[in-house]
Amino acid sequence: MSEFQVYLQLGFDHISDLNAYDHIVFIIALCAAYPLNRWRSVIVLVTAFTIGHSITLALATLRLVLVPTDLVETLIPVTILATCLMNVWRPFEAQFGRKTSYGLALFFGLIHGLGFSNYLRALLGMEESIVVPLLSFNIGLELGQLMIVAIFAAVAFVILRILGTPHRQWNLFVSGAAAGVSAMLLIGAN
Amino acid sequence: MKTLGVLLCLLTATAAAVPAAVPAAAPVPAAVPAAASVLGPAAVPGPASAYAHVFYVSITRVKWNVDVARLDVSVRIFTDDLEEAIVAKGGPRLRLWTGQAHADRDRHVSDYLASRLAFRVNGVDRQLTYAGMEDALDATACLVQITGVDRVETIEVENRILIEMFDTQANVMRFEIGGERKYVNLSKKTVTGTVRFGS
């Protein structure tokens, strides 16, 4: 197995691990506000999130930033809750435009990246080159996220197209559920 | 409008909290154990934190030090997981890297590694010699050695670290032998791997 394959798999497994559901819930919250015909926007959004994630992961692994784990664990559910509130309050993008929502996804990615970074840094230590581990880990994460998007889209297809549920109802249902989970995470983290 | 207010508060808090924390913690190594110990076993009773952001991985590096004919093995394990595993085996809570670390911590860590990690070099089972441990922030780097290794053709390894604790535990192994670098990714499903060198 190559170094690339090893860390790609770690990234993919991490995102698809049902025990690490905070990431899954965030991705679902990110998707909820978008109707099926906006799938391109969702992919850009998820990729913006991964880019933000990669930036802090790299900075923290290189020891350029250090944020206490408990603070990050409080901030992560806050990002999920904020995304849900924006979905419900009024799809954020309609208010502030597409670029702002991509920027916000990137910003939330920065916070989520900090969540892994303390762990990955602790494990990688002073390994000579962390470029390949970091890059492949993040590509694995992105692939895992796109898989979650695909599964979510398949469920959404059934609900919206086959059962004919209005998108707004679906959005409220999913965002409400995700907000509940993030509130529990927030309580658990403190 | 009320929702908007809450939202803005959340966003502002998020934005303000991150940069504020960075300069405070970054340059002072002394601040690190304090920050890490918030989530450590002393603060969190029970087998696991209530938080869901789990990451079950260990990384083991095996490097051949040809000058002294020795394999140097460094096993990085998350400190809280390692301590839980030792408690689960009936051992004491080690409280590593705190002021109240257990006096026999080295023996317990060494025993745990010996029970979970086995090497066969060039077809021969080899003893692991425990050589200490180092604090690596959230993780502990456990050092073991295999002496009298003047050539390396094959290494068969069995790694069961933490698989008794977590179903999704991944144990990455990285071998660096005379300029060749190889990786094996082990888990509960696959606990053994073989790597060949110089072929």
# chains A, B, ... in the order shown; residues from 1 in each chain; ligands from 1
>>> closest_atom_pairs(of="chain A", to="chain B", cutoff="8 Å", atoms="only C-alpha atoms", output="tab-separated table")
residue	atom	partner	partner_atom	distance
A:Met1	CA	B:Tyr183	CA	5.5
A:Ser2	CA	B:Tyr183	CA	6.0
A:Glu3	CA	B:Tyr183	CA	6.2
A:Val6	CA	B:Asn185	CA	6.3
A:Leu10	CA	B:Ala170	CA	7.8
A:His14	CA	B:Phe55	CA	6.8
A:Asp17	CA	B:Thr168	CA	7.8
A:Asn19	CA	B:Ala52	CA	6.4
A:Ala20	CA	B:His53	CA	4.9
A:Tyr21	CA	B:Ala52	CA	6.5
A:Asp22	CA	B:His53	CA	6.4
A:Arg63	CA	B:Ala26	CA	8.0
A:Leu64	CA	B:Ala26	CA	7.5
A:Val65	CA	B:Val22	CA	5.9
A:Leu66	CA	B:Ala26	CA	5.3
A:Val67	CA	B:Val22	CA	5.8
A:Pro68	CA	B:Ala35	CA	5.5
A:Thr69	CA	B:Ala36	CA	6.9
A:Asp70	CA	B:Leu39	CA	6.8
A:Glu73	CA	B:Tyr51	CA	7.6
A:Leu75	CA	B:Thr14	CA	6.6
A:Val78	CA	B:Leu10	CA	7.1
A:Ala82	CA	B:Leu7	CA	6.2
A:Leu85	CA	B:Leu7	CA	7.2
A:Met86	CA	B:Leu7	CA	7.8
A:Trp89	CA	B:Thr3	CA	6.9
A:Gly115	CA	B:His53	CA	7.8
A:Phe116	CA	B:Phe55	CA	7.9
A:Asn118	CA	B:Asp138	CA	7.2
A:Tyr119	CA	B:Asp138	CA	6.7
A:Ala122	CA	B:Ala139	CA	5.3
A:Leu123	CA	B:Arg76	CA	5.7
A:Leu124	CA	B:Ile59	CA	7.4
A:Gly125	CA	B:Ala136	CA	7.1
A:Leu185	CA	B:Tyr51	CA	6.3
A:Gly188	CA	B:Ala50	CA	5.3
A:Ala189	CA	B:Tyr51	CA	5.7
>>> residues_around(residues="Gly52 in chain A", least_positions_apart="4", cutoff="10 Å", atoms="only C-alpha atoms", output="list in words")
Val46, Thr47, Ala48, Thr56, Leu57, Gly103, Leu104, Ala105, Leu106, Phe107, Phe108, Gly109, Leu110, Ile111, His112, Gly113 and Leu114 of chain A
>>> write_last_selection(atoms="C-alpha atoms", output="PDB file, in the first residue's frame")
ATOM      1  CA  VAL A  46     -18.923  20.855  -0.141  1.00  0.00           C
ATOM      2  CA  THR A  47     -15.645  21.482  -1.964  1.00  0.00           C
ATOM      3  CA  ALA A  48     -15.388  24.963  -0.399  1.00  0.00           C
ATOM      4  CA  THR A  56      -6.594  24.661   9.004  1.00  0.00           C
ATOM      5  CA  LEU A  57      -5.603  21.031   8.981  1.00  0.00           C
ATOM      6  CA  GLY A 103     -17.416  31.733   1.636  1.00  0.00           C
ATOM      7  CA  LEU A 104     -19.322  30.743   4.733  1.00  0.00           C
ATOM      8  CA  ALA A 105     -18.948  27.033   3.905  1.00  0.00           C
ATOM      9  CA  LEU A 106     -15.215  27.645   3.573  1.00  0.00           C
ATOM     10  CA  PHE A 107     -15.168  29.444   6.916  1.00  0.00           C
ATOM     11  CA  PHE A 108     -17.039  26.582   8.601  1.00  0.00           C
ATOM     12  CA  GLY A 109     -14.562  24.238   6.972  1.00  0.00           C
ATOM     13  CA  LEU A 110     -11.769  26.135   8.734  1.00  0.00           C
ATOM     14  CA  ILE A 111     -13.395  25.319  12.071  1.00  0.00           C
ATOM     15  CA  HIS A 112     -14.059  21.673  11.287  1.00  0.00           C
ATOM     16  CA  GLY A 113     -10.456  21.309  10.137  1.00  0.00           C
ATOM     17  CA  LEU A 114      -9.291  22.314  13.579  1.00  0.00           C
TER      18      LEU A 114
END
>>> closest_residue(among="A:Val42, A:Val72, A:Ile187, A:Leu36", to="Pro166 in chain A", atoms="only C-alpha atoms")
A:Leu36
>>> select_by_dssp(residues="range 114-175 of chain B", states="strand (DSSP E or B)", output="MDAnalysis selection string")
chainID B and resid 117:121 124:126 129:136 139:147 154:159 170:175
>>> closest_residue(among="B:Gly178, B:Gln100, B:Ser74, B:Arg196", to="Gly123 in chain B", atoms="only C-alpha atoms")
B:Arg196
>>> atom_distance(atom1="CA of His108 in chain B", atom2="CA of Gly193 in chain B")
25.7 Å
